[in-house]
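Coordinates as given in target-v9.txt (compact mmCIF, C-alpha atoms):
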```
# COMPACT_ATOMS: atom_id res chain seq x y z
CA MET A 3 99.50 149.59 -8.42
CA THR A 4 102.82 149.10 -10.20
CA PHE A 5 103.99 145.49 -10.56
CA PRO A 6 105.58 143.96 -8.65
CA PRO A 7 103.93 145.40 -5.53
CA ILE A 8 107.19 146.04 -3.68
CA ARG A 9 107.18 148.27 -0.59
CA GLU A 10 107.30 151.85 -1.82
CA GLU A 11 110.44 152.73 0.14
CA LEU A 12 112.28 149.88 -1.63
CA ARG A 13 111.24 150.76 -5.16
CA GLY A 14 114.14 151.52 -7.46
CA ILE A 15 116.85 150.75 -4.90
CA GLU A 16 119.90 148.87 -6.13
CA PRO A 17 120.82 145.84 -3.99
CA TYR A 18 123.89 146.14 -1.78
CA GLY A 19 127.09 144.56 -2.95
CA ALA A 20 130.70 145.27 -3.74
CA PRO A 21 131.68 144.94 -7.42
CA GLN A 22 132.64 141.39 -8.39
CA LEU A 23 135.03 141.77 -11.31
CA ASP A 24 137.44 139.30 -12.85
CA VAL A 25 140.77 141.01 -12.15
CA PRO A 26 144.21 139.66 -11.23
CA VAL A 27 144.32 141.50 -7.89
CA ALA A 28 141.06 141.87 -5.91
CA LEU A 29 141.52 144.00 -2.77
CA ASN A 30 137.99 145.31 -2.26
CA THR A 31 136.08 143.09 0.18
CA ASN A 32 138.43 142.79 3.18
CA GLU A 33 138.90 139.07 2.76
CA ASN A 34 141.82 137.16 4.23
CA PRO A 35 144.08 136.50 1.21
CA TYR A 36 145.44 133.32 2.78
CA GLY A 37 143.14 130.34 2.39
CA PRO A 38 142.96 127.26 4.63
CA SER A 39 145.71 124.64 4.46
CA ASP A 40 145.18 121.21 2.96
CA ALA A 41 144.94 119.76 6.47
CA CYS A 42 142.17 122.19 7.40
CA ALA A 43 140.39 121.59 4.08
CA ASP A 44 140.56 117.83 4.67
CA ASP A 45 139.08 118.26 8.16
CA VAL A 46 136.28 120.43 6.76
CA ALA A 47 135.57 117.89 4.03
CA ALA A 48 135.46 115.04 6.55
CA ALA A 49 133.13 117.00 8.81
CA VAL A 50 130.78 117.76 5.93
CA ARG A 51 130.92 114.13 4.80
CA GLU A 52 129.91 113.02 8.29
CA VAL A 53 126.82 115.26 8.47
CA THR A 54 125.83 114.51 4.88
CA THR A 55 124.50 111.08 5.87
CA SER A 56 121.91 112.76 8.11
CA LEU A 57 120.90 115.69 5.91
CA ASN A 58 117.42 114.21 5.72
CA ARG A 59 117.04 115.48 9.30
CA TYR A 60 116.93 119.08 10.47
CA PRO A 61 120.04 120.43 12.19
CA ASP A 62 120.33 121.34 15.85
CA ARG A 63 118.45 124.62 15.80
CA GLU A 64 120.22 125.68 18.99
CA HIS A 65 123.65 124.85 17.44
CA VAL A 66 124.90 124.04 20.93
CA ALA A 67 128.19 122.45 19.86
CA LEU A 68 129.09 125.48 17.75
CA ARG A 69 128.07 127.96 20.45
CA THR A 70 130.17 126.05 22.98
CA ALA A 71 133.22 126.22 20.71
CA LEU A 72 132.67 129.90 19.99
CA ALA A 73 132.33 130.65 23.71
CA ALA A 74 135.67 128.97 24.33
CA TYR A 75 137.26 130.98 21.53
CA LEU A 76 135.87 134.28 22.86
CA SER A 77 137.05 133.45 26.37
CA ARG A 78 140.62 133.77 25.10
CA ASP A 79 139.98 137.54 25.11
CA THR A 80 138.40 137.71 28.56
CA LEU A 81 140.19 135.15 30.74
CA PRO A 82 143.71 136.65 30.56
CA THR A 83 142.57 140.26 31.05
CA ARG A 84 139.45 140.07 33.22
CA GLY A 85 139.43 136.53 34.58
CA PHE A 86 136.01 135.40 33.36
CA GLU A 87 134.77 133.03 30.68
CA ILE A 88 132.07 133.62 28.10
CA GLY A 89 129.28 131.08 28.67
CA VAL A 90 127.50 129.13 25.96
CA GLU A 91 124.23 130.75 27.09
CA GLN A 92 125.68 134.15 26.09
CA VAL A 93 126.49 133.16 22.50
CA TRP A 94 124.32 133.14 19.38
CA ALA A 95 125.35 132.45 15.76
CA ALA A 96 123.83 132.98 12.34
CA ASN A 97 124.67 133.12 8.63
CA GLY A 98 127.29 135.84 8.82
CA SER A 99 127.30 138.84 11.12
CA ASN A 100 124.93 140.45 8.63
CA GLU A 101 122.17 138.05 9.69
CA VAL A 102 123.09 138.56 13.35
CA MET A 103 122.63 142.32 12.90
CA LEU A 104 119.37 141.89 11.03
CA GLN A 105 118.03 139.62 13.79
CA LEU A 106 118.97 142.24 16.39
CA LEU A 107 117.03 144.90 14.49
CA GLN A 108 114.09 142.53 13.99
CA ALA A 109 113.94 141.90 17.71
CA PHE A 110 114.81 145.32 19.12
CA GLY A 111 114.00 147.73 16.28
CA GLY A 112 110.82 148.13 14.28
CA PRO A 113 108.15 150.82 13.76
CA GLY A 114 108.38 153.64 16.28
CA ARG A 115 111.95 152.73 17.23
CA ARG A 116 115.32 154.14 16.22
CA ALA A 117 118.74 152.78 15.34
CA LEU A 118 121.78 155.06 15.45
CA SER A 119 125.38 155.03 14.30
CA PHE A 120 128.07 157.61 13.59
CA ALA A 121 129.10 158.33 10.00
CA PRO A 122 131.16 157.40 8.16
CA THR A 123 130.32 153.83 9.10
CA TYR A 124 129.30 150.48 7.62
CA SER A 125 126.92 151.13 4.75
CA MET A 126 124.71 148.14 5.57
CA TYR A 127 123.56 149.56 8.91
CA PRO A 128 120.91 151.89 7.46
CA GLU A 129 119.75 149.02 5.26
CA TYR A 130 119.16 146.81 8.31
CA ALA A 131 117.09 149.66 9.74
CA ARG A 132 115.17 150.15 6.51
CA ASP A 133 114.44 146.44 6.12
CA THR A 134 112.99 146.26 9.65
CA SER A 135 111.04 149.55 9.40
CA THR A 136 113.29 151.08 12.04
CA GLU A 137 113.96 154.82 11.89
CA TRP A 138 117.59 155.51 11.02
CA VAL A 139 119.44 158.27 12.87
CA GLN A 140 122.98 159.25 11.95
CA GLY A 141 125.49 161.02 14.12
CA HIS A 142 128.90 162.09 12.88
CA ARG A 143 132.53 161.37 13.58
CA ALA A 144 135.32 163.89 13.95
CA ALA A 145 137.51 164.89 10.99
CA ASP A 146 140.02 162.15 11.88
CA PHE A 147 137.15 159.59 12.04
CA THR A 148 137.36 159.17 15.81
CA LEU A 149 134.36 159.67 18.09
CA ASP A 150 133.99 162.87 20.08
CA LEU A 151 132.74 161.08 23.18
CA ASP A 152 130.88 164.01 24.73
CA ARG A 153 129.14 164.74 21.44
CA ALA A 154 128.36 161.05 20.89
CA ARG A 155 126.88 160.71 24.38
CA ALA A 156 124.75 163.81 23.85
CA THR A 157 123.48 162.40 20.56
CA VAL A 158 122.49 159.10 22.17
CA GLU A 159 120.79 160.84 25.10
CA ARG A 160 118.89 163.14 22.74
CA GLU A 161 117.76 160.54 20.19
CA ARG A 162 117.08 157.66 22.64
CA PRO A 163 117.70 154.89 20.08
CA SER A 164 116.66 151.31 20.72
CA VAL A 165 119.89 150.13 19.09
CA VAL A 166 123.27 151.88 18.79
CA LEU A 167 125.61 150.33 16.23
CA LEU A 168 129.32 150.89 16.90
CA PRO A 169 131.83 149.07 14.70
CA SER A 170 135.28 148.73 16.23
CA PRO A 171 137.41 148.77 14.15
CA ASN A 172 135.11 150.95 12.09
CA ASN A 173 134.36 150.10 8.48
CA PRO A 174 135.38 151.81 6.19
CA THR A 175 137.88 153.85 8.23
CA GLY A 176 139.57 151.14 10.35
CA THR A 177 139.26 153.32 13.47
CA ALA A 178 138.99 151.51 16.82
CA LEU A 179 136.90 152.79 19.71
CA PRO A 180 138.74 154.06 22.79
CA PRO A 181 138.14 151.81 25.82
CA GLN A 182 136.04 154.39 27.66
CA ALA A 183 133.62 154.87 24.76
CA VAL A 184 131.74 151.61 25.14
CA GLY A 185 130.94 151.97 28.84
CA MET A 186 129.98 155.61 28.45
CA LEU A 187 127.57 154.92 25.59
CA CYS A 188 126.08 151.86 27.31
CA GLU A 189 125.18 154.12 30.23
CA ALA A 190 123.87 156.84 27.92
CA ALA A 191 121.68 154.35 26.03
CA GLY A 192 119.69 153.37 29.13
CA ASP A 193 117.70 150.27 28.20
CA GLY A 194 118.70 150.54 24.53
CA LEU A 195 121.21 148.08 23.13
CA VAL A 196 124.77 149.09 22.30
CA VAL A 197 126.08 146.73 19.62
CA VAL A 198 129.86 146.77 19.18
CA ASP A 199 130.60 145.21 15.80
CA GLU A 200 134.02 143.57 16.11
CA ALA A 201 134.17 142.00 12.65
CA TYR A 202 137.83 142.99 12.27
CA THR A 203 138.91 142.81 15.89
CA GLU A 204 141.53 140.09 15.43
CA PHE A 205 143.55 142.63 13.41
CA ARG A 206 143.56 145.29 16.12
CA ARG A 207 146.86 146.70 17.31
CA ALA A 208 148.40 145.61 20.61
CA GLY A 209 146.85 147.35 23.58
CA THR A 210 143.42 147.83 21.97
CA PRO A 211 140.95 145.92 24.20
CA SER A 212 137.87 144.03 23.10
CA ALA A 213 134.44 145.19 24.23
CA LEU A 214 133.94 141.62 25.46
CA GLU A 215 135.73 142.65 28.63
CA LEU A 216 132.81 144.92 29.57
CA LEU A 217 129.99 142.37 29.22
CA PRO A 218 129.65 141.73 32.99
CA GLU A 219 129.21 145.45 33.63
CA HIS A 220 126.59 146.30 31.00
CA ARG A 221 123.60 144.07 30.37
CA ASN A 222 122.68 146.15 27.27
CA LEU A 223 126.04 145.49 25.57
CA VAL A 224 126.19 143.16 22.54
CA VAL A 225 129.49 142.23 20.89
CA THR A 226 129.26 140.78 17.38
CA ARG A 227 131.96 139.00 15.41
CA THR A 228 132.45 137.05 12.21
CA MET A 229 134.51 134.16 10.90
CA SER A 230 134.67 135.77 7.45
CA LYS A 231 137.78 137.89 8.00
CA ALA A 232 140.64 136.70 10.19
CA PHE A 233 139.37 133.10 10.06
CA ALA A 234 139.47 133.11 6.23
CA LEU A 235 135.92 131.72 6.15
CA ALA A 236 134.08 134.35 4.09
CA GLY A 237 132.49 131.60 2.01
CA GLY A 238 131.30 129.78 5.11
CA ARG A 239 128.95 132.59 6.22
CA VAL A 240 129.26 132.38 10.00
CA GLY A 241 128.76 135.31 12.36
CA TYR A 242 128.02 135.35 16.07
CA LEU A 243 127.46 137.49 19.14
CA ALA A 244 128.06 137.49 22.86
CA ALA A 245 125.57 139.21 25.16
CA ASP A 246 123.31 138.80 28.15
CA PRO A 247 121.34 135.53 27.72
CA ALA A 248 118.07 137.49 27.64
CA ILE A 249 119.16 139.05 24.34
CA GLY A 250 119.65 135.61 22.80
CA ASP A 251 116.21 134.60 24.03
CA ALA A 252 114.71 137.62 22.25
CA ILE A 253 116.49 136.72 19.01
CA ARG A 254 115.04 133.22 19.15
CA VAL A 255 111.60 134.77 18.72
CA VAL A 256 112.48 136.27 15.32
CA ARG A 257 115.02 133.77 13.94
CA LEU A 258 113.86 131.48 11.16
CA PRO A 259 113.46 127.79 12.04
CA TYR A 260 116.71 125.85 11.66
CA HIS A 261 118.40 128.96 10.29
CA LEU A 262 121.93 127.57 10.58
CA SER A 263 122.40 124.48 8.41
CA ALA A 264 124.11 121.31 9.56
CA VAL A 265 126.77 121.86 6.90
CA THR A 266 127.47 125.41 8.09
CA GLN A 267 127.77 124.24 11.69
CA ALA A 268 130.16 121.43 10.71
CA VAL A 269 132.36 123.74 8.63
CA ALA A 270 132.56 126.32 11.42
CA LEU A 271 133.44 123.71 14.05
CA ALA A 272 136.19 122.34 11.82
CA ALA A 273 137.57 125.85 11.28
CA LEU A 274 137.62 126.50 15.02
CA ARG A 275 139.64 123.31 15.51
CA HIS A 276 142.22 124.89 13.20
CA ALA A 277 142.08 128.36 14.75
CA PRO A 278 145.85 128.64 15.41
CA GLU A 279 146.60 127.93 11.76
CA LEU A 280 143.84 130.11 10.29
CA LEU A 281 144.78 133.02 12.55
CA GLY A 282 148.47 132.44 11.96
CA ARG A 283 148.65 135.04 9.19
CA VAL A 284 147.07 137.83 11.23
CA ASP A 285 150.45 139.19 12.35
CA ASP A 286 151.67 139.15 8.74
CA LEU A 287 148.61 141.11 7.64
CA ARG A 288 149.08 143.62 10.47
CA ARG A 289 152.65 144.24 9.33
CA GLU A 290 151.59 144.55 5.71
CA ARG A 291 148.86 147.00 6.75
CA ASP A 292 151.27 149.20 8.67
CA GLU A 293 153.74 149.17 5.81
CA CYS A 294 150.92 150.18 3.47
CA VAL A 295 149.93 153.06 5.75
CA ALA A 296 153.51 154.32 5.92
CA TRP A 297 153.95 154.01 2.16
CA LEU A 298 150.71 155.87 1.36
CA ARG A 299 151.62 158.67 3.75
CA GLY A 300 155.09 158.78 2.30
CA ASN A 301 153.50 159.45 -1.07
CA GLY A 302 151.59 162.46 0.23
CA LEU A 303 148.21 160.84 0.82
CA ALA A 304 145.93 161.21 3.81
CA VAL A 305 145.45 157.89 5.60
CA ALA A 306 143.15 156.94 8.46
CA ASP A 307 144.74 155.03 11.34
CA SER A 308 143.67 151.42 10.98
CA ASP A 309 143.18 148.55 13.40
CA ALA A 310 141.63 146.44 10.64
CA ASN A 311 142.87 144.55 7.56
CA PHE A 312 142.16 147.49 5.26
CA VAL A 313 143.25 151.09 4.84
CA LEU A 314 141.20 154.16 3.90
CA PHE A 315 143.18 156.74 1.96
CA GLY A 316 142.69 159.85 -0.16
CA THR A 317 141.68 162.37 -0.95
CA PHE A 318 141.05 162.62 -4.66
CA ALA A 319 139.34 165.25 -6.76
CA ASP A 320 137.72 162.38 -8.71
CA ARG A 321 138.01 159.17 -6.75
CA HIS A 322 136.00 157.19 -9.30
CA ALA A 323 138.55 158.04 -11.97
CA VAL A 324 141.33 156.73 -9.73
CA TRP A 325 139.31 153.60 -8.93
CA GLN A 326 138.66 152.97 -12.64
CA ASP A 327 142.31 153.58 -13.50
CA LEU A 328 143.30 150.89 -11.00
CA VAL A 329 140.69 148.48 -12.40
CA ASP A 330 142.04 149.09 -15.89
CA GLN A 331 145.42 148.02 -14.52
CA GLY A 332 143.94 144.86 -13.03
CA VAL A 333 143.61 146.02 -9.42
CA LEU A 334 140.19 146.21 -7.75
CA ILE A 335 139.81 148.23 -4.55
CA ARG A 336 136.68 149.76 -2.98
CA GLU A 337 135.10 153.10 -3.77
CA THR A 338 133.48 153.74 -0.40
CA GLY A 339 133.53 156.09 2.55
CA PRO A 340 133.49 159.90 2.43
CA ASP A 341 133.82 161.69 -0.90
CA GLY A 342 137.36 161.59 -2.19
CA TRP A 343 138.45 158.52 -0.26
CA LEU A 344 139.20 154.94 -1.36
CA ARG A 345 139.70 151.75 0.65
CA VAL A 346 142.20 148.98 -0.05
CA SER A 347 142.06 145.57 1.59
CA ILE A 348 145.39 144.15 2.70
CA GLY A 349 146.54 141.31 0.47
CA THR A 350 149.69 139.25 0.09
CA PRO A 351 153.04 141.04 -0.33
CA ASP A 352 152.92 140.35 -4.07
CA GLU A 353 149.38 141.74 -4.36
CA MET A 354 150.32 144.84 -2.40
CA ALA A 355 153.35 145.41 -4.64
CA VAL A 356 151.08 145.34 -7.69
CA PHE A 357 148.71 147.78 -5.94
CA ARG A 358 151.53 150.20 -5.15
CA THR A 359 152.81 150.16 -8.73
CA ALA A 360 149.31 150.70 -10.12
CA LEU A 361 148.53 153.51 -7.68
CA ILE A 362 151.73 155.38 -8.52
CA ALA A 363 150.75 155.25 -12.18
CA ALA A 364 147.21 156.41 -11.36
CA LEU A 365 148.48 159.28 -9.22
CA GLY A 366 150.42 160.54 -12.21
CA ARG A 367 147.17 160.84 -14.15
CA HIS A 368 144.71 162.00 -11.47
CA PRO A 369 145.33 164.84 -9.01
CA THR A 370 144.77 164.66 -5.29
CA THR A 371 143.07 167.52 -3.48
CA SER A 372 145.24 170.11 -1.80
CA SER A 373 144.41 168.85 1.70
CA THR A 374 145.85 165.41 1.18
CA HIS A 375 149.51 166.16 1.74
CA ARG A 376 149.26 165.38 5.43
CA SER A 377 148.35 162.52 7.75
CA THR A 378 144.97 162.35 9.44
CA THR A 379 146.84 162.15 12.76
CA SER A 380 149.84 163.89 14.20
CA THR A 381 151.80 160.67 14.74
CA ASP A 382 153.12 158.22 12.22
CA GLN A 383 151.70 154.71 12.23
CA GLY A 384 154.51 152.33 11.47
CA VAL A 385 154.84 149.52 13.99
CA PRO A 386 151.84 148.56 16.18
CA ALA A 387 151.96 150.19 19.60
```
Step by step, read the file and then write its structure as structure tokens.
Amino acid sequence: MTFPPIREELRGIEPYGAPQLDVPVALNTNENPYGPSDACADDVAAAVREVTTSLNRYPDREHVALRTALAAYLSRDTLPTRGFEIGVEQVWAANGSNEVMLQLLQAFGGPGRRALSFAPTYSMYPEYARDTSTEWVQGHRAADFTLDLDRARATVERERPSVVLLPSPNNPTGTALPPQAVGMLCEAAGDGLVVVDEAYTEFRRAGTPSALELLPEHRNLVVTRTMSKAFALAGGRVGYLAADPAIGDAIRVVRLPYHLSAVTQAVALAALRHAPELLGRVDDLRRERDECVAWLRGNGLAVADSDANFVLFGTFADRHAVWQDLVDQGVLIRETGPDGWLRVSIGTPDEMAVFRTALIAALGRHPTTSSTHRSTTSTDQGVPA
């Protein structure tokens, strides 16, 4: 046996992770470029100071106070539109939505079971499946990265997955699901879970509903979110879900004891107290995103419609050469998605100006493919609908 005795299917695999390079402009991990204010930082520091005196004790493993606050926050999406509140018994939290997803696959995946998504999609999904010995099945999106609903339903009915993973907005394309997709696929999945990953949902355009609205109608629906993006809390590592209480009970079986530290819970609660401030830049980032889309299209590039805080654009004969050219100019974006495409996170106006200047220079040195001189849709995306 070769040392160390790692599982054979893991041997030689590089760990997941976006490049972490020391560059002036980093636009590759979809972070919120606007950090918390001094007032928020002071509140976080005071909250951590308060729990520090009792760190000799284990935290509340049910994190009831945090779940209660998260339920109230989620209810802002359901009360005005559907007239119901999310209950604390429907909410679960963990160390980032990555851990939430892994717990879902630990509880509902496993040997002899399948997980399914539609490519291109978040590159961690097959890794969650692999790590839990769940068979990975991949459907496909249309050329414009939307879902062909009839084809998607047929794929789910044919494969009978235990878990369907549906990011909305999708990463890396930014594409949001149409409202009818979630209900249709929940019905097609039978007793399988349909997990709608809403990590970027706060950035969605006006008129795009949240899957939270459908929770009363589909007991197999799970909606996951994170505080890493719009809440500017990527370093806090807090993700959460809303679902039927029975799903939370199943997760409790596989979660590690005291998995959410007292410090993490205190930081998240403090951030939620400052939600209006932390979310106050979302509209600015939406506008910057739409301006970026229009500018990229105006320069002859194909661009996917985006409801997120990032934009997928291309296509390039050698995307790595373009990516490296930008890095050499001090701008880091993400080499991800289908061949020929690149993804840029939306930064501050100054950061985006540097990106535009660098990309123009790179385009002069690296050709695009002949198919790029068009939009991926027939309508221009300028101002949110």
If we count all atoms listed in the file and set the cut-off at 10 Å, which residues sit around region 179-189 of chain A, ignoring sequence neighbours fewer than 2 positions away in its own chain? Please answer as a compact mmCIF listing (two decimals) with C-alpha atoms, in the coordinates of the input.
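To be explicit, this is the file written out as selection.txt:
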```txt
# COMPACT_ATOMS: atom_id res chain seq x y z
CA THR A 148 137.36 159.17 15.81
CA LEU A 149 134.36 159.67 18.09
CA ASP A 150 133.99 162.87 20.08
CA LEU A 151 132.74 161.08 23.18
CA ASP A 152 130.88 164.01 24.73
CA ALA A 154 128.36 161.05 20.89
CA ARG A 155 126.88 160.71 24.38
CA ALA A 156 124.75 163.81 23.85
CA THR A 157 123.48 162.40 20.56
CA VAL A 158 122.49 159.10 22.17
CA GLU A 159 120.79 160.84 25.10
CA VAL A 166 123.27 151.88 18.79
CA LEU A 168 129.32 150.89 16.90
CA PRO A 169 131.83 149.07 14.70
CA SER A 170 135.28 148.73 16.23
CA PRO A 171 137.41 148.77 14.15
CA ASN A 172 135.11 150.95 12.09
CA GLY A 176 139.57 151.14 10.35
CA THR A 177 139.26 153.32 13.47
CA ALA A 191 121.68 154.35 26.03
CA GLY A 192 119.69 153.37 29.13
CA ASP A 193 117.70 150.27 28.20
CA GLY A 194 118.70 150.54 24.53
CA LEU A 195 121.21 148.08 23.13
CA VAL A 196 124.77 149.09 22.30
CA VAL A 197 126.08 146.73 19.62
CA VAL A 198 129.86 146.77 19.18
CA THR A 210 143.42 147.83 21.97
CA PRO A 211 140.95 145.92 24.20
CA SER A 212 137.87 144.03 23.10
CA ALA A 213 134.44 145.19 24.23
CA GLU A 215 135.73 142.65 28.63
CA LEU A 216 132.81 144.92 29.57
CA LEU A 217 129.99 142.37 29.22
CA GLU A 219 129.21 145.45 33.63
CA HIS A 220 126.59 146.30 31.00
CA ARG A 221 123.60 144.07 30.37
CA ASN A 222 122.68 146.15 27.27
CA LEU A 223 126.04 145.49 25.57
CA VAL A 224 126.19 143.16 22.54
CA ASP A 309 143.18 148.55 13.40
```
query = Could you name the residues that touch region 357-361 of chain A at 10 Å or less, counting all atoms listed in the file, but leaving out those on the same chain fewer than 6 positions away, as a list in words?
reply = Val27, Ala28, Leu29, Cys294, Trp297, Leu298, Val324, Trp325, Asp327, Leu328, Val329, Asp330, Gln331, Gly332, Val333, Leu334, Ile335, Val346, Ile348, Gly349, Pro351 and Arg367 of chain A
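Ranking A:Phe147, A:Asp320, A:Ala74, A:Ser263 by their shortest atom-to-atom distance to Val50 (chain A), with all atoms listed in the file included, puts A:Ser263 first.
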Might you pull out every residue within 10 Å of Glu279 (chain A), with all atoms listed in the file counted and same-chain residues fewer than 4 positions away left off, and present them as a JSON list (two decimals) with C-alpha atoms, in the coordinates of the input?
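The resulting file, result.json, is reproduced below:
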```json
[["chain", "number", "residue", "atom", "x", "y", "z"],
["A", 38, "PRO", "CA", 142.96, 127.26, 4.63],
["A", 39, "SER", "CA", 145.71, 124.64, 4.46],
["A", 41, "ALA", "CA", 144.94, 119.76, 6.47],
["A", 42, "CYS", "CA", 142.17, 122.19, 7.40],
["A", 233, "PHE", "CA", 139.37, 133.10, 10.06],
["A", 273, "ALA", "CA", 137.57, 125.85, 11.28],
["A", 274, "LEU", "CA", 137.62, 126.50, 15.02],
["A", 275, "ARG", "CA", 139.64, 123.31, 15.51],
["A", 283, "ARG", "CA", 148.65, 135.04, 9.19],
["A", 284, "VAL", "CA", 147.07, 137.83, 11.23]]
```
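Restricting the calculation to only C-alpha atoms, the smallest distance between Tyr18 (chain A) and any of A:Asn97, A:Gln108, A:Ser125, A:Thr203 is found for A:Ser125.
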Please define a box with edges along x, y and z of the file around all atoms of region 137-144 of chain A given in the file, extend it by 8 Å on each side, and return its centre and edge lengths in Å to one decimal, as lines of an AutoDock Vina configuration file.
```
center_x = 124.6
center_y = 159.4
center_z = 12.6
size_x = 37.4
size_y = 25.1
size_z = 19.1
```
query = Counting only C-alpha atoms, what is within 12 Å of Lys231 (chain A), bar same-chain residues fewer than 6 positions away, as a PyMOL selection string?
reply = chain A and resi 31-37+98-99+200-205+237-241+280-281+283-284+287+310-312+347-348
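Between CA of Met126 (chain A) and CA of Asp199 (chain A) the interatomic distance comes to 12.2 Å.
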request  = Go ahead and find all residues with at least one atom no further than 12 Å from (118.5, 152.3, 8.5) in the file's coordinates, using all atoms listed in the file; report them as a ChimeraX atom specification.
outcome  = /A:11,103-104,107,111-113,115-119,123-140,163,165-167
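One finds CA of Gln326 (chain A) at 14.5 Å from CA of Pro26 (chain A).
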remark   = Between A:Arg288, A:Gly14, A:Asp246, A:Pro61, smallest distance to Gly89 (chain A) by only C-alpha atoms belongs to A:Asp246
key: Residue among A:Tyr242, A:Arg9, A:Asp285, A:Ala48 lying closest to Ala73 (chain A), counting only C-alpha atoms   =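 Among the listed residues, A:Tyr242 lies closest to Ala73 (chain A).
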message = Using all atoms listed in the file for the distances, tell me which of A:Val255, A:Leu303, A:Leu243, A:Ala363 is nearest to Val102 (chain A).
response =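 Under the stated criterion, the closest residue is A:Leu243.
Rounded to one decimal, CA of Arg84 (chain A) and CA of Asp307 (chain A) lie 27.0 Å from each other.
Closest approach to Phe86 (chain A) among A:Gln22, A:Val265, A:Asn173, A:Leu214 is made by A:Leu214 (distances from all atoms listed in the file).
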ask   = Quick one: residues within 12 Å of region 68-72 of chain A, only C-alpha atoms counted, chain neighbours fewer than 4 positions away excluded, as number ranges by chain?
value = A: 61-64, 76-79, 87-96, 226-229, 240-244, 250, 262-277
